[in-house]
Amino acid sequence: MARAFLVVMDSVGIGGAPDAADYFNGDLPDTGANTVAHIAQLCARGAACEGREGPLNLPNLDRLGLGRAVQLASGDIATGLGREPEGLWGVATEVSLGKDTPSGHWELAGLPVPWAWHHFDQKENSFPQDVIDRVCALAETDGILGNCHASGTTIIKDHGAEHIRSGWPICYTSADSVFQIAAHEEHFGLDRLLSLCAGLAPMLHEMKVGRVIARPFVGTVEGGFARTKNRRDYAMRPPGPVLTNWVQEVGGRVYAVGKIGDIFSMQGIDVLHKGTDAELMTHLSDLVGTAEDGSLTFANFVEFDSLYGHRRDVAGYARALEWFDSRIGAVIARLRPGDMLLLTADHGNDPSWRGTDHTRERVPVLIAGQGTGSLGLIGFRDVAGLVAGHLGVRVP
C-alpha cells in the first residue's frame, strides 16, 4: 500500500492570487506581493546577506518545480530558480475568504471555510466588554492588559513588568481572526493560562473567531522576556470531515507534525509530534522510516511565517528556506517506492511587503515520488484530492 506525506511550508506563497486587491496590509493592497520571488530577487541583488550570501539556493525545491510554479502563478521570475522540473508541480488558488492558517489548512484538507471569520478591527481597545468580562471572570482578575493589535514579542516587553505586578493577563490580537493571551509561566502559571484559554475558546468560537492562542513566556524585567515553545492554539473544530478523517475511516493511521493538531483540534489525528522546526524535521524524517502503509503524515513548518514573515526579515526567511531545502532533500532521498511527498503552503507572508500581516497569494504544489509533469492551476481543495487519490481514499 501507498503512504503520503503532506508538508505545509507555512506562508511560502508565490504571488498571483486573483483576488489579492481585496486584501490589505494597512492601506496597501496585496496586489503584487510574492513571497518567494521577492526573496529571490533581493538575495540576487545582495540585499539579504545577514547570515547567508549570494542568490537564493533551493536546489531540491527547484528540482521539484518551484521556479516554474512561481512563473505560472504570477508571471514573476524567482531569480536563480526555474530549472526543468523533475517532479509533479502545480499552483493552487484558495477560495476561502481568509488569508490565515485555519482557512488555508482546512481547504488544503478538502474543506473550504463556509463563513467569514470575525476580526477585531480596532487597533486600540480592540475587544468588546463582554469578552473582557469573561476573561476577567475566568482569570479571577480585575482587568486585562494590552487590549490592542500588537506584535507578540513587543507586547510582553511593553507589559511584562505590569503583568508580573498586577497578575492581569496580556490580551492582544492581529489582522488574523485570533485572540491571544500572553502570561508568565511562573508568575501567572502555565496551567492557569491554558485553562483560561480553554475556558474562553467556546465564547470566541461562537463569534467565529478562529483561534484563542496561549502565549506563555519566561524571564525577568531586568534580563528581558522570551516566549516559550509551550504555545497552545484553541482552534475552531472544522464543521465537517476533512482529509485526516477520510484516511482514518478506511483504517489508515494519521500522524500530525507541528501545528496540525491545534489547527484541526486533533480531529482525525492518531499521533501528534510538536517542537521547533528543526525538531519537526527530525520527526518527519523518522516517520518516513517508520510510518505504516496506508498512513498519512500531515506536517506544518511554521517558522518561515512566525519568525521571519511577520517580522519582515528577508534574510532570515531566505536562511529558513535554504535550511528547509537542504533537509527536505535528505527526506526525499529516504522515500520508499510508491510514496508521495507533497509540499505546499497555506498563504503568503512576503517579508519585503509593508505591514506585518499575511499576504494573499497562490501557493506551490510540489510532489516527489510520483513522476514528472505539470498539474497546472488547481485549487487548494485539489491538494486533498491528490493525497486521497494516492491513498485510495474516497473523497466525499
# chains A, B, ... in the order shown; residues from 1 in each chain; ligands from 1
$ residues_around --residues "range 137-143 of chain A" --least-positions-apart "5" --cutoff "10 Å" --atoms "only C-alpha atoms" --output "ChimeraX atom specification"
/A:131-132,166-170,188,192-193,195-200
$ write_last_selection --atoms "N, CA and C atoms" --output "PDB file, in the first residue's frame"
ATOM      1  N   VAL A 131     -16.396  40.243  26.243  1.00  0.00           N
ATOM      2  CA  VAL A 131     -15.237  39.363  26.129  1.00  0.00           C
ATOM      3  C   VAL A 131     -14.247  39.651  27.256  1.00  0.00           C
ATOM      4  N   ILE A 132     -13.996  40.931  27.517  1.00  0.00           N
ATOM      5  CA  ILE A 132     -13.095  41.301  28.616  1.00  0.00           C
ATOM      6  C   ILE A 132     -13.626  40.774  29.940  1.00  0.00           C
ATOM      7  N   SER A 166       0.689  43.074  38.600  1.00  0.00           N
ATOM      8  CA  SER A 166      -0.766  43.054  38.787  1.00  0.00           C
ATOM      9  C   SER A 166      -1.378  41.662  38.705  1.00  0.00           C
ATOM     10  N   GLY A 167      -0.717  40.753  37.953  1.00  0.00           N
ATOM     11  CA  GLY A 167      -1.303  39.444  37.710  1.00  0.00           C
ATOM     12  C   GLY A 167      -2.334  39.427  36.604  1.00  0.00           C
ATOM     13  N   TRP A 168      -2.530  40.558  35.930  1.00  0.00           N
ATOM     14  CA  TRP A 168      -3.520  40.628  34.854  1.00  0.00           C
ATOM     15  C   TRP A 168      -2.957  39.998  33.576  1.00  0.00           C
ATOM     16  N   PRO A 169      -3.752  39.213  32.845  1.00  0.00           N
ATOM     17  CA  PRO A 169      -3.286  38.627  31.589  1.00  0.00           C
ATOM     18  C   PRO A 169      -3.137  39.693  30.500  1.00  0.00           C
ATOM     19  N   ILE A 170      -2.212  39.461  29.594  1.00  0.00           N
ATOM     20  CA  ILE A 170      -1.953  40.374  28.473  1.00  0.00           C
ATOM     21  C   ILE A 170      -2.729  39.854  27.267  1.00  0.00           C
ATOM     22  N   PHE A 188       2.237  33.818  36.576  1.00  0.00           N
ATOM     23  CA  PHE A 188       0.820  33.581  36.308  1.00  0.00           C
ATOM     24  C   PHE A 188       0.506  32.092  36.357  1.00  0.00           C
ATOM     25  N   ARG A 192      -2.581  27.558  34.469  1.00  0.00           N
ATOM     26  CA  ARG A 192      -3.643  28.564  34.625  1.00  0.00           C
ATOM     27  C   ARG A 192      -3.906  29.267  33.291  1.00  0.00           C
ATOM     28  N   LEU A 193      -2.846  29.578  32.552  1.00  0.00           N
ATOM     29  CA  LEU A 193      -3.002  30.212  31.245  1.00  0.00           C
ATOM     30  C   LEU A 193      -3.747  29.289  30.283  1.00  0.00           C
ATOM     31  N   SER A 195      -5.786  26.851  31.006  1.00  0.00           N
ATOM     32  CA  SER A 195      -7.180  26.730  31.450  1.00  0.00           C
ATOM     33  C   SER A 195      -7.984  27.959  31.075  1.00  0.00           C
ATOM     34  N   LEU A 196      -7.361  29.123  31.194  1.00  0.00           N
ATOM     35  CA  LEU A 196      -8.029  30.367  30.812  1.00  0.00           C
ATOM     36  C   LEU A 196      -8.396  30.349  29.330  1.00  0.00           C
ATOM     37  N   CYS A 197      -7.454  29.961  28.484  1.00  0.00           N
ATOM     38  CA  CYS A 197      -7.711  29.948  27.041  1.00  0.00           C
ATOM     39  C   CYS A 197      -8.754  28.906  26.673  1.00  0.00           C
ATOM     40  N   ALA A 198      -8.664  27.731  27.298  1.00  0.00           N
ATOM     41  CA  ALA A 198      -9.640  26.682  27.022  1.00  0.00           C
ATOM     42  C   ALA A 198     -11.043  27.111  27.439  1.00  0.00           C
ATOM     43  N   GLY A 199     -11.147  27.810  28.568  1.00  0.00           N
ATOM     44  CA  GLY A 199     -12.449  28.276  29.029  1.00  0.00           C
ATOM     45  C   GLY A 199     -13.026  29.383  28.181  1.00  0.00           C
ATOM     46  N   LEU A 200     -12.164  30.228  27.621  1.00  0.00           N
ATOM     47  CA  LEU A 200     -12.615  31.349  26.807  1.00  0.00           C
ATOM     48  C   LEU A 200     -12.980  30.922  25.387  1.00  0.00           C
TER      49      LEU A 200
END
$ select_by_dssp --residues "range 42-275 of chain A" --states "alpha helix (DSSP H)" --output "VMD selection string"
chain A and resid 42 to 44 59 to 64 66 to 74 101 to 108 129 to 139 152 to 166 190 to 206 243 to 249 260 to 263
$ residues_around --residues "Glu185 in chain A" --least-positions-apart "6" --cutoff "9 Å" --atoms "only C-alpha atoms" --output "list of chain:residue names"
A:Asp191, A:Arg192, A:Leu193, A:Pro216, A:Phe217, A:Val218, A:Thr228
$ write_last_selection --atoms "N, CA and C atoms" --output "PDB file, in the first residue's frame"
ATOM      1  N   ASP A 191      -0.317  26.258  33.568  1.00  0.00           N
ATOM      2  CA  ASP A 191      -1.594  25.538  33.603  1.00  0.00           C
ATOM      3  C   ASP A 191      -2.763  26.514  33.715  1.00  0.00           C
ATOM      4  N   ARG A 192      -2.581  27.558  34.469  1.00  0.00           N
ATOM      5  CA  ARG A 192      -3.643  28.564  34.625  1.00  0.00           C
ATOM      6  C   ARG A 192      -3.906  29.267  33.291  1.00  0.00           C
ATOM      7  N   LEU A 193      -2.846  29.578  32.552  1.00  0.00           N
ATOM      8  CA  LEU A 193      -3.002  30.212  31.245  1.00  0.00           C
ATOM      9  C   LEU A 193      -3.747  29.289  30.283  1.00  0.00           C
ATOM     10  N   PRO A 216       2.657  31.673  26.369  1.00  0.00           N
ATOM     11  CA  PRO A 216       3.438  31.748  27.610  1.00  0.00           C
ATOM     12  C   PRO A 216       4.829  32.308  27.376  1.00  0.00           C
ATOM     13  N   PHE A 217       5.364  32.974  28.404  1.00  0.00           N
ATOM     14  CA  PHE A 217       6.724  33.499  28.331  1.00  0.00           C
ATOM     15  C   PHE A 217       7.395  33.361  29.691  1.00  0.00           C
ATOM     16  N   VAL A 218       8.702  33.537  29.680  1.00  0.00           N
ATOM     17  CA  VAL A 218       9.502  33.478  30.895  1.00  0.00           C
ATOM     18  C   VAL A 218      10.449  34.672  30.893  1.00  0.00           C
ATOM     19  N   THR A 228       8.049  30.980  25.157  1.00  0.00           N
ATOM     20  CA  THR A 228       8.485  29.590  25.218  1.00  0.00           C
ATOM     21  C   THR A 228       7.790  28.775  24.131  1.00  0.00           C
TER      22      THR A 228
END
$ select_by_dssp --residues "range 12-193 of chain A" --states "strand (DSSP E)" --output "MDAnalysis selection string"
chainID A and resid 24:25 28:29 88:93 145:149 170:173 178:184
$ residues_around --residues "range 95-104 of chain A" --least-positions-apart "2" --cutoff "7 Å" --atoms "only C-alpha atoms" --output "PyMOL selection string"
chain A and resi 93+106-108+112-113+116+176+263+346-347+358-360
$ decode --residues "range 70-188 of chain A" --atoms "C-alpha atoms" --output "short mmCIF file (atom, residue, chain, number, x, y, z; two decimals), in the first residue's frame"
data_model
loop_
_atom_site.label_atom_id
_atom_site.label_comp_id
_atom_site.auth_asym_id
_atom_site.auth_seq_id
_atom_site.Cartn_x
_atom_site.Cartn_y
_atom_site.Cartn_z
CA VAL A 70 6.34 30.97 -9.39
CA GLN A 71 6.25 31.86 -13.08
CA LEU A 72 2.90 30.14 -13.65
CA ALA A 73 1.32 31.68 -10.55
CA SER A 74 2.36 35.26 -11.08
CA GLY A 75 4.45 35.77 -14.20
CA ASP A 76 7.33 36.80 -11.92
CA ILE A 77 10.82 35.33 -12.11
CA ALA A 78 12.37 33.97 -8.94
CA THR A 79 15.99 34.78 -9.73
CA GLY A 80 18.15 31.66 -9.64
CA LEU A 81 15.17 29.28 -9.79
CA GLY A 82 13.47 27.78 -12.83
CA ARG A 83 15.29 24.59 -13.78
CA GLU A 84 13.48 21.83 -15.67
CA PRO A 85 11.25 20.11 -13.08
CA GLU A 86 11.89 16.51 -12.12
CA GLY A 87 8.68 16.19 -10.08
CA LEU A 88 4.98 16.84 -10.44
CA TRP A 89 4.33 20.53 -9.91
CA GLY A 90 1.49 23.00 -10.00
CA VAL A 91 -0.07 26.09 -8.46
CA ALA A 92 -3.01 26.18 -6.04
CA THR A 93 -5.50 29.02 -5.53
CA GLU A 94 -7.63 29.43 -2.41
CA VAL A 95 -11.36 30.20 -2.41
CA SER A 96 -11.87 30.62 1.36
CA LEU A 97 -12.18 34.26 2.37
CA GLY A 98 -9.32 34.39 4.88
CA LYS A 99 -5.58 34.62 4.32
CA ASP A 100 -4.92 32.83 7.60
CA THR A 101 -3.67 29.50 8.89
CA PRO A 102 -7.01 27.72 9.57
CA SER A 103 -8.54 28.82 6.26
CA GLY A 104 -5.57 27.61 4.26
CA HIS A 105 -5.15 24.31 6.09
CA TRP A 106 -8.84 23.42 6.19
CA GLU A 107 -9.15 23.99 2.47
CA LEU A 108 -5.94 22.06 1.73
CA ALA A 109 -7.58 19.24 3.70
CA GLY A 110 -10.68 19.41 1.50
CA LEU A 111 -13.00 21.80 3.36
CA PRO A 112 -13.18 25.47 2.30
CA VAL A 113 -14.24 27.68 5.21
CA PRO A 114 -18.01 28.26 4.83
CA TRP A 115 -18.13 31.59 6.65
CA ALA A 116 -16.26 34.88 7.09
CA TRP A 117 -14.10 34.92 10.22
CA HIS A 118 -14.70 37.56 12.87
CA HIS A 119 -11.84 40.05 13.26
CA PHE A 120 -11.17 42.61 15.97
CA ASP A 121 -10.59 45.56 13.66
CA GLN A 122 -9.94 48.37 16.16
CA LYS A 123 -6.21 48.84 16.73
CA GLU A 124 -6.75 50.06 20.31
CA ASN A 125 -9.49 49.00 22.74
CA SER A 126 -9.95 46.05 20.41
CA PHE A 127 -12.22 43.80 22.45
CA PRO A 128 -15.89 44.17 23.40
CA GLN A 129 -16.66 44.47 27.09
CA ASP A 130 -18.40 41.10 27.34
CA VAL A 131 -15.24 39.36 26.13
CA ILE A 132 -13.09 41.30 28.62
CA ASP A 133 -15.53 40.44 31.41
CA ARG A 134 -15.32 36.76 30.52
CA VAL A 135 -11.51 36.82 30.58
CA CYS A 136 -11.52 38.52 33.96
CA ALA A 137 -14.02 36.04 35.38
CA LEU A 138 -12.00 33.06 34.19
CA ALA A 139 -8.67 34.53 35.31
CA GLU A 140 -10.13 35.91 38.55
CA THR A 141 -8.60 39.34 37.89
CA ASP A 142 -9.99 42.86 37.90
CA GLY A 143 -8.77 43.67 34.38
CA ILE A 144 -6.59 42.85 31.43
CA LEU A 145 -3.51 44.43 29.86
CA GLY A 146 -3.00 45.16 26.17
CA ASN A 147 -6.45 45.14 24.53
CA CYS A 148 -4.94 46.08 21.18
CA HIS A 149 -3.29 44.92 17.97
CA ALA A 150 0.34 44.09 18.73
CA SER A 151 3.41 42.02 17.98
CA GLY A 152 3.74 39.18 20.46
CA THR A 153 7.34 39.97 21.30
CA THR A 154 6.70 43.71 21.63
CA ILE A 155 3.68 43.41 23.89
CA ILE A 156 5.40 41.26 26.50
CA LYS A 157 8.27 43.76 26.52
CA ASP A 158 5.82 46.64 27.00
CA HIS A 159 3.53 44.99 29.55
CA GLY A 160 5.61 42.21 31.14
CA ALA A 161 6.53 44.18 34.26
CA GLU A 162 2.96 45.33 34.89
CA HIS A 163 1.71 41.79 34.24
CA ILE A 164 4.00 40.42 36.96
CA ARG A 165 2.99 43.21 39.36
CA SER A 166 -0.77 43.05 38.79
CA GLY A 167 -1.30 39.44 37.71
CA TRP A 168 -3.52 40.63 34.85
CA PRO A 169 -3.29 38.63 31.59
CA ILE A 170 -1.95 40.37 28.47
CA CYS A 171 -4.58 40.17 25.72
CA TYR A 172 -3.97 41.19 22.12
CA THR A 173 -4.89 40.41 18.52
CA SER A 174 -3.73 41.00 14.95
CA ALA A 175 -5.15 41.20 11.46
CA ASP A 176 -5.92 37.47 11.77
CA SER A 177 -9.05 36.13 13.45
CA VAL A 178 -7.30 35.48 16.77
CA PHE A 179 -7.48 36.32 20.46
CA GLN A 180 -4.05 35.88 22.06
CA ILE A 181 -3.26 35.78 25.77
CA ALA A 182 0.31 36.14 27.00
CA ALA A 183 1.23 35.25 30.57
CA HIS A 184 4.35 34.42 32.55
CA GLU A 185 4.78 30.68 33.08
CA GLU A 186 5.89 31.12 36.70
CA HIS A 187 4.18 34.27 37.97
CA PHE A 188 0.82 33.58 36.31
#
